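Trainee: Structure file coords.cif (mmCIF, C-alpha atoms) is given on the next line.
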data_protein
#
loop_
_atom_site.group_PDB
_atom_site.id
_atom_site.type_symbol
_atom_site.label_atom_id
_atom_site.label_comp_id
_atom_site.auth_asym_id
_atom_site.auth_seq_id
_atom_site.Cartn_x
_atom_site.Cartn_y
_atom_site.Cartn_z
ATOM 1 C CA MET Y 12 -27.548 4.369 -19.257
ATOM 2 C CA LYS Y 13 -24.245 5.626 -17.858
ATOM 3 C CA LYS Y 14 -22.252 3.188 -15.718
ATOM 4 C CA HIS Y 15 -21.209 4.577 -12.358
ATOM 5 C CA PRO Y 16 -17.579 3.952 -11.378
ATOM 6 C CA SER Y 17 -17.382 1.174 -8.781
ATOM 7 C CA VAL Y 18 -15.522 1.630 -5.505
ATOM 8 C CA LEU Y 19 -14.606 -1.313 -3.291
ATOM 9 C CA ILE Y 20 -14.642 -0.141 0.334
ATOM 10 C CA VAL Y 21 -12.666 -2.476 2.612
ATOM 11 C CA GLU Y 22 -13.546 -1.311 6.129
ATOM 12 C CA ASP Y 23 -14.313 -3.328 9.259
ATOM 13 C CA GLU Y 24 -16.267 -0.560 11.014
ATOM 14 C CA PRO Y 25 -19.852 -0.559 9.635
ATOM 15 C CA ALA Y 26 -20.550 3.065 10.620
ATOM 16 C CA ILE Y 27 -17.464 4.321 8.790
ATOM 17 C CA ALA Y 28 -18.175 2.144 5.749
ATOM 18 C CA GLU Y 29 -21.766 3.399 5.557
ATOM 19 C CA LEU Y 30 -20.685 7.044 5.840
ATOM 20 C CA ILE Y 31 -18.191 6.569 3.006
ATOM 21 C CA ALA Y 32 -20.739 4.647 0.892
ATOM 22 C CA VAL Y 33 -23.451 7.298 1.308
ATOM 23 C CA ASN Y 34 -21.078 10.066 0.244
ATOM 24 C CA LEU Y 35 -19.841 8.052 -2.720
ATOM 25 C CA ARG Y 36 -23.425 7.293 -3.867
ATOM 26 C CA HIS Y 37 -24.343 10.982 -3.642
ATOM 27 C CA ASN Y 38 -21.379 11.770 -5.877
ATOM 28 C CA GLY Y 39 -22.108 9.298 -8.654
ATOM 29 C CA PHE Y 40 -20.158 6.223 -7.556
ATOM 30 C CA ALA Y 41 -21.315 2.636 -6.992
ATOM 31 C CA PRO Y 42 -19.859 1.523 -3.637
ATOM 32 C CA ILE Y 43 -19.311 -2.123 -2.725
ATOM 33 C CA TRP Y 44 -18.541 -2.854 0.932
ATOM 34 C CA SER Y 45 -16.375 -5.633 2.347
ATOM 35 C CA GLU Y 46 -15.608 -5.926 6.038
ATOM 36 C CA ASP Y 47 -12.463 -8.075 5.840
ATOM 37 C CA GLY Y 48 -9.797 -9.381 3.505
ATOM 38 C CA VAL Y 49 -11.619 -12.609 2.645
ATOM 39 C CA SER Y 50 -14.814 -10.880 1.504
ATOM 40 C CA ALA Y 51 -12.790 -8.160 -0.258
ATOM 41 C CA GLN Y 52 -10.915 -10.817 -2.250
ATOM 42 C CA ARG Y 53 -14.230 -12.462 -3.143
ATOM 43 C CA GLU Y 54 -15.589 -9.116 -4.429
ATOM 44 C CA LEU Y 55 -12.384 -8.411 -6.342
ATOM 45 C CA ASP Y 56 -12.560 -11.843 -7.981
ATOM 46 C CA ALA Y 57 -16.207 -11.278 -8.976
ATOM 47 C CA ILE Y 58 -15.845 -7.772 -10.399
ATOM 48 C CA LEU Y 59 -12.785 -5.583 -10.813
ATOM 49 C CA PRO Y 60 -13.639 -2.208 -9.241
ATOM 50 C CA ASP Y 61 -12.449 1.116 -10.597
ATOM 51 C CA VAL Y 62 -11.085 2.175 -7.192
ATOM 52 C CA ILE Y 63 -10.330 0.483 -3.866
ATOM 53 C CA LEU Y 64 -10.542 2.317 -0.530
ATOM 54 C CA LEU Y 65 -8.602 0.082 1.829
ATOM 55 C CA ASP Y 66 -8.416 0.237 5.626
ATOM 56 C CA TRP Y 67 -4.911 -0.641 6.799
ATOM 57 C CA MET Y 68 -5.987 -2.218 10.087
ATOM 58 C CA LEU Y 69 -8.350 -5.111 9.333
ATOM 59 C CA PRO Y 70 -9.157 -8.263 11.282
ATOM 60 C CA GLY Y 71 -7.165 -11.275 10.127
ATOM 61 C CA GLN Y 72 -5.239 -9.976 7.134
ATOM 62 C CA SER Y 73 -3.906 -6.404 7.201
ATOM 63 C CA GLY Y 74 -4.691 -3.891 4.493
ATOM 64 C CA ILE Y 75 -0.977 -3.631 3.761
ATOM 65 C CA THR Y 76 -0.817 -7.341 2.981
ATOM 66 C CA LEU Y 77 -3.879 -7.078 0.741
ATOM 67 C CA ALA Y 78 -2.473 -4.065 -1.096
ATOM 68 C CA ARG Y 79 0.805 -5.898 -1.775
ATOM 69 C CA LYS Y 80 -1.056 -8.982 -2.965
ATOM 70 C CA TRP Y 81 -3.315 -6.983 -5.307
ATOM 71 C CA ARG Y 82 -0.423 -4.909 -6.671
ATOM 72 C CA ALA Y 83 1.457 -8.124 -7.529
ATOM 73 C CA ASP Y 84 -1.552 -9.569 -9.382
ATOM 74 C CA PRO Y 85 -1.594 -8.551 -13.092
ATOM 75 C CA ARG Y 86 -5.407 -8.400 -13.083
ATOM 76 C CA SER Y 87 -5.706 -5.928 -10.185
ATOM 77 C CA LYS Y 88 -2.420 -4.028 -10.147
ATOM 78 C CA GLY Y 89 -3.819 -1.155 -12.211
ATOM 79 C CA VAL Y 90 -6.601 -0.436 -9.730
#
Would you give me this structure, written as structure tokens?

Mentor:
Amino acid sequence: MKKHPSVLIVEDEPAIAELIAVNLRHNGFAPIWSEDGVSAQRELDAILPDVILLDWMLPGQSGITLARKWRADPRSKGV
């Protein structure tokens, strides 16, 4: 069985996240949704996705801060 590429969606608006996830599923991707930086970090620690779609304006920790943190981490910088 072929593995679908995983996409971590970090989006605090459920309607937007669902719209993105539906379109990704229809195009052969396996979306994973996180609504904030804490849950996104938890998902990233559990499984390294192939792609991350990151909202810049998130509650608590901004997407910019997360992107910088993940780019500095050797495990996730290639994503």

Trainee: Do you know which residues the PyMOL selection byres ((chain Y and resi 73-83) around 10) returns on this file, as an MDAnalysis selection string?

Mentor: chainID Y and resid 21:22 47:49 51:52 55 63:72 84:90

Trainee: Need to verify the contact set: Y:Asn38, 12 Å, all atoms listed in the file, exclusion of same-chain residues closer than 6 positions in sequence. Can you return it as number ranges by chain?

Mentor: Y: 15-18, 31-32

Trainee: May I have the residues from that selection written out with C-alpha atoms, as a PDB file, keeping the file's coordinate frame?

Mentor:
ATOM      1  CA  HIS Y  15     -21.209   4.577 -12.358  1.00  0.00           C
ATOM      2  CA  PRO Y  16     -17.579   3.952 -11.378  1.00  0.00           C
ATOM      3  CA  SER Y  17     -17.382   1.174  -8.781  1.00  0.00           C
ATOM      4  CA  VAL Y  18     -15.522   1.630  -5.505  1.00  0.00           C
ATOM      5  CA  ILE Y  31     -18.191   6.569   3.006  1.00  0.00           C
ATOM      6  CA  ALA Y  32     -20.739   4.647   0.892  1.00  0.00           C
TER       7      ALA Y  32
END

Trainee: Which is closest to Y:Ile58 among Y:Leu19, Y:Lys13, Y:Gly39, Y:Ala26, if we use all atoms listed in the file?

Mentor: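 Checking each of Y:Leu19, Y:Lys13, Y:Gly39, Y:Ala26 against Y:Ile58, counting all atoms listed in the file, the winner is Y:Leu19.
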
Trainee: Work out how far atom CA of Y:Glu46 is from atom CA of Y:Glu24, in Å to one decimal.

Mentor: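 Value for the atom CA of Y:Glu24-atom CA of Y:Glu46 distance: 7.3 Å.
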
Trainee: Hey, can you check how far atom CA of Y:Val33 sits from atom CA of Y:Ser45?

Mentor: 14.8 Å

Trainee: Mind rebuilding stretch 28-54 of chain Y with N, CA, C and O atoms and writing that out as a short mmCIF file (atom, residue, chain, number, x, y, z; two decimals), keeping the file's coordinate frame?

Mentor:
data_model
loop_
_atom_site.label_atom_id
_atom_site.label_comp_id
_atom_site.auth_asym_id
_atom_site.auth_seq_id
_atom_site.Cartn_x
_atom_site.Cartn_y
_atom_site.Cartn_z
N ALA Y 28 -17.90 2.63 7.11
CA ALA Y 28 -18.18 2.14 5.75
C ALA Y 28 -19.45 2.75 5.19
O ALA Y 28 -19.50 3.16 4.03
N GLU Y 29 -20.50 2.84 6.01
CA GLU Y 29 -21.77 3.40 5.56
C GLU Y 29 -21.63 4.89 5.25
O GLU Y 29 -22.18 5.38 4.26
N LEU Y 30 -20.91 5.62 6.07
CA LEU Y 30 -20.68 7.04 5.84
C LEU Y 30 -19.96 7.26 4.51
O LEU Y 30 -20.35 8.12 3.71
N ILE Y 31 -18.93 6.48 4.27
CA ILE Y 31 -18.19 6.57 3.01
C ILE Y 31 -19.10 6.21 1.84
O ILE Y 31 -19.15 6.92 0.82
N ALA Y 32 -19.86 5.11 1.98
CA ALA Y 32 -20.74 4.65 0.89
C ALA Y 32 -21.80 5.67 0.55
O ALA Y 32 -22.07 5.93 -0.63
N VAL Y 33 -22.42 6.28 1.55
CA VAL Y 33 -23.45 7.30 1.31
C VAL Y 33 -22.87 8.47 0.53
O VAL Y 33 -23.45 8.94 -0.45
N ASN Y 34 -21.71 8.94 0.93
CA ASN Y 34 -21.08 10.07 0.24
C ASN Y 34 -20.67 9.70 -1.18
O ASN Y 34 -20.81 10.51 -2.09
N LEU Y 35 -20.20 8.49 -1.37
CA LEU Y 35 -19.84 8.05 -2.72
C LEU Y 35 -21.08 7.98 -3.61
O LEU Y 35 -21.06 8.44 -4.75
N ARG Y 36 -22.17 7.39 -3.10
CA ARG Y 36 -23.42 7.29 -3.87
C ARG Y 36 -23.93 8.66 -4.28
O ARG Y 36 -24.36 8.86 -5.41
N HIS Y 37 -23.87 9.62 -3.36
CA HIS Y 37 -24.34 10.98 -3.64
C HIS Y 37 -23.47 11.68 -4.69
O HIS Y 37 -23.89 12.69 -5.25
N ASN Y 38 -22.30 11.15 -4.92
CA ASN Y 38 -21.38 11.77 -5.88
C ASN Y 38 -21.18 10.92 -7.13
O ASN Y 38 -20.19 11.09 -7.85
N GLY Y 39 -22.11 10.01 -7.39
CA GLY Y 39 -22.11 9.30 -8.65
C GLY Y 39 -21.29 8.02 -8.72
O GLY Y 39 -20.97 7.55 -9.81
N PHE Y 40 -20.93 7.46 -7.58
CA PHE Y 40 -20.16 6.22 -7.56
C PHE Y 40 -21.04 5.06 -7.11
O PHE Y 40 -22.08 5.26 -6.49
N ALA Y 41 -20.61 3.86 -7.41
CA ALA Y 41 -21.32 2.64 -6.99
C ALA Y 41 -20.44 1.91 -5.97
O ALA Y 41 -19.55 1.15 -6.34
N PRO Y 42 -20.69 2.16 -4.67
CA PRO Y 42 -19.86 1.52 -3.64
C PRO Y 42 -20.21 0.06 -3.40
O PRO Y 42 -21.36 -0.35 -3.52
N ILE Y 43 -19.19 -0.71 -3.11
CA ILE Y 43 -19.31 -2.12 -2.72
C ILE Y 43 -18.54 -2.25 -1.42
O ILE Y 43 -17.37 -1.87 -1.35
N TRP Y 44 -19.18 -2.79 -0.38
CA TRP Y 44 -18.54 -2.85 0.93
C TRP Y 44 -18.12 -4.27 1.30
O TRP Y 44 -18.89 -5.21 1.12
N SER Y 45 -16.90 -4.38 1.79
CA SER Y 45 -16.38 -5.63 2.35
C SER Y 45 -15.80 -5.32 3.71
O SER Y 45 -15.12 -4.30 3.89
N GLU Y 46 -16.06 -6.21 4.67
CA GLU Y 46 -15.61 -5.93 6.04
C GLU Y 46 -14.29 -6.59 6.42
O GLU Y 46 -13.77 -6.34 7.50
N ASP Y 47 -13.74 -7.44 5.54
CA ASP Y 47 -12.46 -8.07 5.84
C ASP Y 47 -11.78 -8.49 4.54
O ASP Y 47 -12.34 -8.34 3.46
N GLY Y 48 -10.58 -9.01 4.68
CA GLY Y 48 -9.80 -9.38 3.50
C GLY Y 48 -10.40 -10.51 2.68
O GLY Y 48 -10.32 -10.49 1.46
N VAL Y 49 -11.03 -11.47 3.35
CA VAL Y 49 -11.62 -12.61 2.64
C VAL Y 49 -12.77 -12.15 1.75
O VAL Y 49 -12.84 -12.49 0.58
N SER Y 50 -13.68 -11.36 2.31
CA SER Y 50 -14.81 -10.88 1.50
C SER Y 50 -14.36 -9.88 0.45
O SER Y 50 -14.92 -9.83 -0.65
N ALA Y 51 -13.32 -9.09 0.74
CA ALA Y 51 -12.79 -8.16 -0.26
C ALA Y 51 -12.20 -8.92 -1.44
O ALA Y 51 -12.41 -8.54 -2.60
N GLN Y 52 -11.48 -10.00 -1.17
CA GLN Y 52 -10.92 -10.82 -2.25
C GLN Y 52 -12.02 -11.44 -3.08
O GLN Y 52 -11.93 -11.49 -4.31
N ARG Y 53 -13.08 -11.88 -2.44
CA ARG Y 53 -14.23 -12.46 -3.14
C ARG Y 53 -14.87 -11.42 -4.08
O ARG Y 53 -15.17 -11.72 -5.23
N GLU Y 54 -15.03 -10.20 -3.60
CA GLU Y 54 -15.59 -9.12 -4.43
C GLU Y 54 -14.65 -8.78 -5.59
O GLU Y 54 -15.09 -8.59 -6.72
#
